[in-house]
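Chemist: Just start_6.cif, nothing more (mmCIF, C-alpha atoms and all ligand atoms):
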```cif
data_protein
#
loop_
_atom_site.label_atom_id
_atom_site.label_comp_id
_atom_site.auth_asym_id
_atom_site.auth_seq_id
_atom_site.Cartn_x
_atom_site.Cartn_y
_atom_site.Cartn_z
CA MET A 234 10.18 14.23 9.30
CA GLY A 235 11.95 11.01 8.27
CA PRO A 236 15.70 10.39 8.56
CA LEU A 237 16.24 11.26 4.87
CA GLY A 238 14.80 14.72 5.33
CA GLU A 239 11.44 13.96 3.71
CA THR A 240 8.13 13.95 5.58
CA TYR A 241 6.24 10.66 6.06
CA HIS A 242 3.23 12.14 4.33
CA SER A 243 2.30 14.90 1.97
CA THR A 244 2.02 18.22 3.73
CA GLY A 245 -1.20 18.80 1.80
CA GLY A 246 -3.54 16.56 3.84
CA ALA A 247 -1.96 13.27 4.88
CA ILE A 248 -5.13 11.35 5.64
CA GLU A 249 -7.00 12.45 2.50
CA GLU A 250 -4.06 11.61 0.27
CA SER A 251 -3.45 8.18 1.78
CA GLN A 252 -7.17 7.43 1.62
CA HIS A 253 -7.27 8.39 -2.06
CA VAL A 254 -4.04 6.69 -3.17
CA TYR A 255 -4.06 3.46 -1.20
CA ILE A 256 -7.59 2.79 -0.02
CA ASP A 257 -9.88 4.18 -2.73
CA SER A 258 -7.58 3.62 -5.74
CA GLY A 259 -5.99 0.42 -4.40
CA LEU A 260 -7.92 -1.72 -1.95
CA ARG A 261 -11.41 -0.57 -2.90
CA TYR A 262 -10.64 -0.81 -6.62
CA TYR A 263 -9.32 -4.35 -6.15
CA LEU A 264 -12.48 -5.46 -4.35
CA GLU A 265 -14.78 -3.75 -6.84
CA SER A 266 -12.94 -5.40 -9.75
CA ARG A 267 -13.34 -8.82 -8.13
CA LYS A 268 -17.02 -8.10 -7.51
CA GLU A 269 -17.51 -7.29 -11.20
CA GLU A 270 -16.14 -10.75 -11.94
CA GLY A 271 -18.65 -12.21 -9.49
CA LEU A 272 -15.99 -13.03 -6.91
CA VAL A 273 -15.72 -12.08 -3.25
CA PRO A 274 -12.28 -13.12 -2.03
CA ALA A 275 -12.05 -14.78 1.38
CA VAL A 276 -8.84 -12.87 2.12
CA VAL A 277 -7.19 -9.79 0.69
CA ASN A 278 -3.41 -9.98 1.04
CA ILE A 279 -1.95 -6.50 1.31
CA PHE A 280 1.73 -5.66 1.16
CA GLU A 281 2.94 -2.24 2.22
CA LEU A 282 6.38 -0.94 1.42
CA GLY A 283 7.10 1.50 4.24
CA LEU A 284 4.94 1.04 7.38
CA GLY A 285 6.05 4.43 8.76
CA THR A 286 3.41 5.92 11.04
CA GLY A 287 0.95 3.07 10.42
CA LEU A 288 -1.58 5.43 8.85
CA ASN A 289 -2.26 3.11 5.92
CA VAL A 290 -2.85 0.18 8.28
CA LEU A 291 -5.34 2.26 10.23
CA LEU A 292 -7.11 3.47 7.08
CA THR A 293 -7.37 -0.14 5.88
CA TYR A 294 -9.03 -1.07 9.17
CA ARG A 295 -11.34 1.96 8.88
CA GLU A 296 -12.34 0.75 5.41
CA MET A 297 -13.05 -2.69 6.80
CA LEU A 298 -15.51 -1.17 9.28
CA LYS A 299 -17.52 0.58 6.56
CA ASP A 300 -20.88 -0.77 5.40
CA HIS A 301 -19.78 -1.35 1.80
CA PHE A 302 -16.87 -3.58 2.85
CA PRO A 303 -17.87 -7.24 2.41
CA GLY A 304 -18.23 -8.69 5.92
CA SER A 305 -16.80 -12.06 4.95
CA VAL A 306 -13.47 -10.64 3.68
CA GLN A 307 -10.45 -10.95 5.96
CA ILE A 308 -7.35 -8.79 5.70
CA PHE A 309 -3.86 -10.26 5.79
CA TYR A 310 -1.50 -7.28 5.90
CA ARG A 311 2.27 -7.40 5.65
CA ALA A 312 4.27 -4.19 6.00
CA VAL A 313 8.01 -3.79 5.83
CA GLU A 314 9.86 -1.09 7.72
CA ILE A 315 13.59 -0.52 7.93
CA ASN A 316 13.52 2.16 10.57
CA PRO A 317 10.58 1.82 13.01
CA LEU A 318 9.08 4.94 14.49
CA GLU A 319 9.81 5.52 18.17
CA SER A 320 6.84 5.16 20.50
CA GLY A 321 7.21 8.79 21.58
CA ILE A 322 6.33 9.79 18.03
CA TRP A 323 3.44 7.47 17.14
CA GLU A 324 1.81 8.01 20.55
CA LYS A 325 1.34 11.68 19.65
CA LEU A 326 -0.39 10.97 16.33
CA ASP A 327 -4.10 11.72 16.36
CA TYR A 328 -5.20 9.74 13.29
CA ALA A 329 -7.79 7.65 15.14
CA ARG A 330 -11.40 8.83 14.93
CA SER A 331 -12.92 6.60 17.58
CA GLU A 332 -11.97 4.58 20.63
CA LYS A 333 -12.10 1.44 18.47
CA GLU A 334 -9.60 2.90 16.01
CA ASN A 335 -7.44 4.20 18.83
CA ASP A 336 -7.33 0.74 20.37
CA PHE A 337 -6.44 -0.77 16.99
CA PHE A 338 -3.69 1.80 16.35
CA ARG A 339 -2.04 1.20 19.71
CA LYS A 340 -2.23 -2.59 19.40
CA MET A 341 -0.79 -2.36 15.90
CA HIS A 342 2.21 -0.33 17.02
CA ARG A 343 2.81 -2.39 20.16
CA SER A 344 2.56 -5.71 18.32
CA PRO A 345 5.77 -7.74 17.97
CA TRP A 346 7.89 -7.57 14.84
CA ASN A 347 8.18 -10.41 12.34
CA GLU A 348 5.27 -12.51 13.57
CA PRO A 349 1.55 -12.55 12.83
CA PHE A 350 -0.66 -10.58 15.18
CA ASP A 351 -4.39 -9.78 15.07
CA PRO A 352 -5.04 -6.19 16.17
CA ALA A 353 -8.74 -6.77 15.36
CA PRO A 354 -10.94 -9.73 14.42
CA GLY A 355 -10.40 -10.66 10.77
CA PHE A 356 -7.30 -8.48 10.50
CA THR A 357 -3.89 -10.14 10.64
CA LEU A 358 -0.77 -8.01 10.54
CA ILE A 359 2.89 -8.92 10.13
CA LYS A 360 5.29 -6.04 10.60
CA LEU A 361 8.55 -7.01 8.95
CA ARG A 362 11.52 -5.19 10.38
CA ASN A 363 13.88 -5.31 7.46
CA ASN A 364 15.26 -3.59 4.43
CA PHE A 365 12.76 -4.27 1.65
CA LEU A 366 15.65 -4.99 -0.71
CA ASP A 367 16.77 -7.84 1.57
CA CYS A 368 13.30 -9.38 1.99
CA THR A 369 12.34 -12.74 0.61
CA PHE A 370 8.64 -12.95 -0.09
CA LYS A 371 6.33 -15.84 0.38
CA GLY A 372 2.66 -16.06 -0.26
CA PRO A 373 0.23 -14.13 -2.41
CA VAL A 374 -0.09 -10.36 -2.65
CA ASN A 375 -3.31 -8.87 -4.04
CA VAL A 376 -2.81 -5.20 -3.21
CA VAL A 377 0.48 -3.29 -2.91
CA TYR A 378 0.77 0.06 -1.16
CA TYR A 379 4.05 1.39 -2.56
CA ASP A 380 4.77 4.14 -0.06
CA VAL A 381 8.46 4.80 0.43
CA PHE A 382 10.21 8.14 0.22
CA SER A 383 10.47 9.72 -3.20
CA PRO A 384 12.83 8.71 -6.01
CA ALA A 385 14.80 11.89 -5.32
CA VAL A 386 15.89 10.60 -1.89
CA GLN A 387 15.52 6.82 -2.32
CA PRO A 388 16.28 6.05 -5.98
CA GLU A 389 17.15 2.42 -5.17
CA LEU A 390 13.52 1.69 -4.24
CA TRP A 391 12.10 2.85 -7.57
CA THR A 392 14.11 0.46 -9.71
CA SER A 393 13.49 -2.67 -11.72
CA GLN A 394 15.36 -4.61 -9.04
CA ALA A 395 13.02 -3.35 -6.29
CA VAL A 396 9.83 -4.06 -8.27
CA GLY A 397 11.28 -7.42 -9.27
CA LYS A 398 11.28 -8.50 -5.61
CA LEU A 399 7.50 -8.36 -5.59
CA ILE A 400 6.85 -10.22 -8.82
CA PRO A 401 6.94 -13.85 -7.55
CA SER A 402 4.15 -13.04 -5.04
CA LEU A 403 1.80 -11.30 -7.46
CA SER A 404 -1.27 -12.76 -9.08
CA GLY A 405 -2.91 -11.86 -12.38
CA ASN A 406 -4.88 -8.98 -10.93
CA THR A 407 -2.70 -7.56 -8.18
CA VAL A 408 -3.21 -3.81 -7.83
CA LEU A 409 -0.28 -1.54 -6.93
CA THR A 410 -0.81 2.11 -6.11
CA THR A 411 1.60 4.90 -5.26
CA TYR A 412 1.69 8.67 -5.00
CA CYS A 413 4.62 8.81 -7.46
CA CYS A 414 3.75 9.16 -11.11
CA LYS A 415 7.27 9.44 -12.48
CA GLY A 416 7.62 8.27 -16.11
CA SER A 417 10.66 6.07 -15.48
CA PHE A 418 8.84 4.20 -12.70
CA LYS A 419 5.80 3.67 -14.88
CA GLN A 420 8.05 2.23 -17.58
CA ILE A 421 9.65 -0.16 -15.09
CA LEU A 422 6.21 -1.38 -14.05
CA ARG A 423 5.15 -1.89 -17.66
CA ASP A 424 8.35 -3.79 -18.40
CA LYS A 425 7.51 -6.07 -15.46
CA GLY A 426 4.04 -6.83 -16.81
CA PHE A 427 1.83 -4.17 -15.23
CA ILE A 428 -0.80 -2.08 -16.97
CA THR A 429 -0.30 1.45 -15.63
CA GLN A 430 -2.92 4.11 -15.22
CA ARG A 431 -2.38 7.72 -14.21
CA LEU A 432 -5.23 8.88 -11.98
CA PRO A 433 -6.17 12.33 -10.70
CA GLY A 434 -4.43 13.19 -7.45
CA THR A 435 -5.69 15.02 -4.41
CA GLY A 436 -4.46 18.02 -2.44
CA LYS A 437 -1.14 19.21 -3.82
CA LYS A 438 -0.68 16.04 -5.87
CA ARG A 439 -1.92 16.41 -9.44
CA HIS A 440 -1.59 12.75 -10.35
CA ILE A 441 -1.15 9.39 -8.72
CA LEU A 442 -0.43 5.97 -10.17
CA ARG A 443 -2.29 2.69 -10.28
CA ALA A 444 -0.77 -0.39 -11.88
CA VAL A 445 -2.51 -3.72 -12.37
CA TYR A 446 -0.36 -6.80 -12.79
CA GLY A 447 -0.92 -9.27 -15.58
CA LEU A 448 -1.39 -8.72 -19.25
CA HIS A 449 -4.79 -10.39 -19.29
CA ASN A 450 -6.15 -7.41 -17.37
CA SER A 451 -6.48 -5.50 -20.60
CA LEU A 452 -9.21 -8.00 -21.47
CA ILE A 453 -11.01 -7.45 -18.16
CA THR A 454 -10.71 -3.71 -17.81
CA GLY A 455 -10.46 -2.71 -21.43
CA VAL A 456 -7.41 -0.75 -20.38
CA SER A 457 -4.05 -1.34 -21.99
CA ASN A 458 -0.80 0.58 -21.77
CA ALA A 459 -1.14 1.62 -25.37
CA SER A 460 -4.58 3.11 -24.77
CA ILE A 461 -3.57 5.26 -21.82
CA ALA A 462 -2.35 8.82 -22.18
CA LYS A 463 0.81 9.08 -20.12
C1 LIG A 501 6.79 7.88 3.10
S1 LIG A 501 7.17 7.01 4.57
C2 LIG A 501 5.86 5.90 4.79
C3 LIG A 501 4.57 6.39 5.19
C4 LIG A 501 3.74 5.26 5.74
N1 LIG A 501 3.19 4.39 4.74
C5 LIG A 501 2.70 5.81 6.65
O1 LIG A 501 1.50 5.48 6.45
O2 LIG A 501 3.06 6.53 7.56
C6 LIG A 501 8.37 5.85 3.98
C7 LIG A 501 8.72 4.74 4.97
O3 LIG A 501 9.49 3.76 4.29
C8 LIG A 501 10.51 3.31 5.16
N2 LIG A 501 11.60 2.76 4.35
C9 LIG A 501 12.51 3.47 3.63
N3 LIG A 501 13.36 2.65 3.02
C10 LIG A 501 12.98 1.40 3.32
C11 LIG A 501 13.50 0.12 2.96
N4 LIG A 501 14.58 -0.02 2.18
N5 LIG A 501 12.90 -0.97 3.46
C12 LIG A 501 11.82 -0.83 4.27
N6 LIG A 501 11.29 0.35 4.64
C13 LIG A 501 11.87 1.45 4.17
C14 LIG A 501 10.88 4.58 5.91
O4 LIG A 501 11.59 4.30 7.10
C15 LIG A 501 9.54 5.24 6.14
O5 LIG A 501 8.97 4.81 7.34
#
```
Go through the file and emit its structure as structure tokens.

Modeler:
Amino acid sequence: MGPLGETYHSTGGAIEESQHVYIDSGLRYYLESRKEEGLVPAVVNIFELGLGTGLNVLLTYREMLKDHFPGSVQIFYRAVEINPLESGIWEKLDYARSEKENDFFRKMHRSPWNEPFDPAPGFTLIKLRNNFLDCTFKGPVNVVYYDVFSPAVQPELWTSQAVGKLIPSLSGNTVLTTYCCKGSFKQILRDKGFITQRLPGTGKKRHILRAVYGLHNSLITGVSNASIAK
């Protein structure tokens, strides 16, 4: 349970939901879209809003170990966290499926804040200990895991101002995914230049949200805001 009274993950299958929302609908989709264009990026720059338990970092590493993940692609992962989890809590989490993942998970949590660290070869992590709303971003972001508490408890993080902080780092095909499919948030994303797509959810979640930055994406994907049922 987080300090605002909301759990870090859905109570309907945390790992499955995070895998579906952030890995399958976000990271994997980004890589498949690049592949369709005949491109294999050297690096995928991921930004996570809300490091929390580190589950999404671990699932990203798990994805990297899979056969379909292009071996030449490196991960550069930045995650911001305002209120880091105490070691007594993350040490009890049993997300890891193998000794390799366990080693990664521990290194990731023990790594220093605010400086680059490689918990595994080809995987660089920077844990930013800060309020997202006070962050200044540098560098490209290709995939955004938007995973803070819900608009009901953290309305300030689902605003135009919050999304606006990301915009200078985004490129024409940055993919943002989140578990929250609220209409007002979708509208904010569209106003900022994203194409939004409501996708089927998993577990107790009926729908999730994927948004692709850049108007030219309608040409690539054939998907435009106007063509999508909300
Ligand atoms: C839903 S939980 C995140 C779950 C996380 N992605 C995981 O895999 O465990 C939301 C996280 O966002 C963090 N958070 C909330 N407000 C924040 C802010 N303004 N800046 C940075 N992090 C914030 C919370 O402390 C919490 O760890």

Chemist: Just give me the gap between CA of Phe370 in chain A and atom N5 of ligand LIG 501 (chain A) in Å, one decimal is fine.

Modeler: 13.2 Å

Chemist: Mind dumping a table of every chain A residue within 7 Å of ligand LIG 501 (chain A), with the nearest atom pair and its distance in Å to one decimal, using all atoms listed in the file, sorted by chain and rising number, as JSON lines?

Modeler:
```
{"residue": "A:Gly235", "atom": "CA", "partner": "A:LIG501", "partner_atom": "C15", "distance": 6.6}
{"residue": "A:Thr240", "atom": "CA", "partner": "A:LIG501", "partner_atom": "C1", "distance": 6.7}
{"residue": "A:Tyr241", "atom": "CA", "partner": "A:LIG501", "partner_atom": "S1", "distance": 4.1}
{"residue": "A:His242", "atom": "CA", "partner": "A:LIG501", "partner_atom": "C1", "distance": 5.7}
{"residue": "A:Leu282", "atom": "CA", "partner": "A:LIG501", "partner_atom": "N6", "distance": 6.0}
{"residue": "A:Gly283", "atom": "CA", "partner": "A:LIG501", "partner_atom": "O3", "distance": 3.3}
{"residue": "A:Leu284", "atom": "CA", "partner": "A:LIG501", "partner_atom": "N1", "distance": 4.6}
{"residue": "A:Gly285", "atom": "CA", "partner": "A:LIG501", "partner_atom": "O5", "distance": 3.3}
{"residue": "A:Thr286", "atom": "CA", "partner": "A:LIG501", "partner_atom": "O2", "distance": 3.6}
{"residue": "A:Gly287", "atom": "CA", "partner": "A:LIG501", "partner_atom": "O1", "distance": 4.7}
{"residue": "A:Leu288", "atom": "CA", "partner": "A:LIG501", "partner_atom": "O1", "distance": 3.9}
{"residue": "A:Asn289", "atom": "CA", "partner": "A:LIG501", "partner_atom": "O1", "distance": 4.5}
{"residue": "A:Val313", "atom": "CA", "partner": "A:LIG501", "partner_atom": "C12", "distance": 5.1}
{"residue": "A:Glu314", "atom": "CA", "partner": "A:LIG501", "partner_atom": "N6", "distance": 3.7}
{"residue": "A:Ile315", "atom": "CA", "partner": "A:LIG501", "partner_atom": "C12", "distance": 4.1}
{"residue": "A:Asn316", "atom": "CA", "partner": "A:LIG501", "partner_atom": "O4", "distance": 4.5}
{"residue": "A:Pro317", "atom": "CA", "partner": "A:LIG501", "partner_atom": "O4", "distance": 6.5}
{"residue": "A:Asn363", "atom": "CA", "partner": "A:LIG501", "partner_atom": "C12", "distance": 5.9}
{"residue": "A:Asn364", "atom": "CA", "partner": "A:LIG501", "partner_atom": "N5", "distance": 3.7}
{"residue": "A:Phe365", "atom": "CA", "partner": "A:LIG501", "partner_atom": "N5", "distance": 3.8}
{"residue": "A:Leu366", "atom": "CA", "partner": "A:LIG501", "partner_atom": "N4", "distance": 5.8}
{"residue": "A:Asp380", "atom": "CA", "partner": "A:LIG501", "partner_atom": "N1", "distance": 5.1}
{"residue": "A:Val381", "atom": "CA", "partner": "A:LIG501", "partner_atom": "C6", "distance": 3.7}
{"residue": "A:Phe382", "atom": "CA", "partner": "A:LIG501", "partner_atom": "C1", "distance": 4.5}
{"residue": "A:Leu390", "atom": "CA", "partner": "A:LIG501", "partner_atom": "N4", "distance": 6.7}
```

Chemist: Mind giving me the straight-line distance from CA of Val273 in chain A to CA of Leu422 in chain A in Å, one decimal?

Modeler: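 Atom-to-atom, CA of Val273 in chain A and CA of Leu422 in chain A are spaced 26.7 Å apart.
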
Chemist: Go through A:Pro373, A:Gly259, A:Pro352, A:Gly246 one by one, measure the shortest atom-to-atom distance of each to Lys340 in chain A using only C-alpha atoms, and give the residue with the smallest value.

Modeler: A:Pro352

Chemist: Choose the residue, out of A:Val254, A:Leu260, A:Ala275, A:Leu361, that has the smallest atom-to-atom separation from Arg439 in chain A; count all atoms listed in the file.

Modeler: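 Selected residue with least distance to Arg439 in chain A: A:Val254.
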
Chemist: So which one's closest to Tyr378 in chain A, A:Ala312, A:Leu298, A:Ile322, A:Leu403? Using all atoms listed in the file, please.

Modeler: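 The closest residue to Tyr378 in chain A is A:Ala312.
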
Chemist: What separation in Å, quoted to one decimal, exists between CA of Arg431 in chain A and CA of Glu250 in chain A?

Modeler: 15.1 Å

Chemist: For a quick check of understanding, using only C-alpha atoms, which of A:Phe356, A:Phe350, A:Tyr328, A:Phe418 has the smallest distance to Val276 in chain A?

Modeler: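 That would be A:Phe356, the residue with the smallest distance to Val276 in chain A.
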
Chemist: Enclose all atoms of range 282-298 of chain A listed in the file in an axis-aligned box, grow every side by 5 Å, and hand back centre and edge lengths in Å to one decimal, as AutoDock Vina command-line options.

Modeler:
```
--center_x -4.2 --center_y 1.6 --center_z 6.2 --size_x 32.6 --size_y 18.6 --size_z 19.6
```

Chemist: Counting all atoms listed in the file, what is within 12 Å of Leu399 in chain A, bar same-chain residues fewer than 6 positions away, as a ChimeraX atom specification?

Modeler: /A:279-282,365-379,390,392-393,407-409,422,425-427,446

Chemist: Residues at most 12 Å from Pro354 in chain A, counting only C-alpha atoms, excluding those fewer than 2 positions away in the same chain, as a short mmCIF file (atom, residue, chain, number, x, y, z; two decimals) with C-alpha atoms, in the coordinates of the input?

Modeler:
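Output file around_26.cif is given in full below:
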```cif
data_model
loop_
_atom_site.label_atom_id
_atom_site.label_comp_id
_atom_site.auth_asym_id
_atom_site.auth_seq_id
_atom_site.Cartn_x
_atom_site.Cartn_y
_atom_site.Cartn_z
CA TYR A 294 -9.03 -1.07 9.17
CA MET A 297 -13.05 -2.69 6.80
CA LEU A 298 -15.51 -1.17 9.28
CA GLY A 304 -18.23 -8.69 5.92
CA SER A 305 -16.80 -12.06 4.95
CA VAL A 306 -13.47 -10.64 3.68
CA GLN A 307 -10.45 -10.95 5.96
CA ILE A 308 -7.35 -8.79 5.70
CA PHE A 309 -3.86 -10.26 5.79
CA LYS A 333 -12.10 1.44 18.47
CA PHE A 337 -6.44 -0.77 16.99
CA PHE A 350 -0.66 -10.58 15.18
CA ASP A 351 -4.39 -9.78 15.07
CA PRO A 352 -5.04 -6.19 16.17
CA PHE A 356 -7.30 -8.48 10.50
CA THR A 357 -3.89 -10.14 10.64
CA LEU A 358 -0.77 -8.01 10.54
#
```

Chemist: I'd like to know which of A:Ile359, A:Tyr262, A:His342, A:Asn347 is closest to Gly321 in chain A, using all atoms listed in the file.

Modeler: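 Closest to Gly321 in chain A of all the choices is A:His342.
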
Chemist: Please identify all polymer residues lying at most 6 Å from the point (-0.4, 1.8, -17.4) (file coordinates), using only C-alpha atoms, and present the result as a compact mmCIF listing (two decimals) with C-alpha atoms, keeping the file's coordinate frame.

Modeler:
```
# COMPACT_ATOMS: atom_id res chain seq x y z
CA ILE A 428 -0.80 -2.08 -16.97
CA THR A 429 -0.30 1.45 -15.63
CA GLN A 430 -2.92 4.11 -15.22
CA ALA A 444 -0.77 -0.39 -11.88
CA ASN A 458 -0.80 0.58 -21.77
```

Chemist: Considering only C-alpha atoms, can you say which of A:Lys415, A:Lys360, A:Lys325, A:Arg311 comes closest to His440 in chain A?

Modeler: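 Looking only at the distances to His440 in chain A, the closest residue turns out to be A:Lys415.
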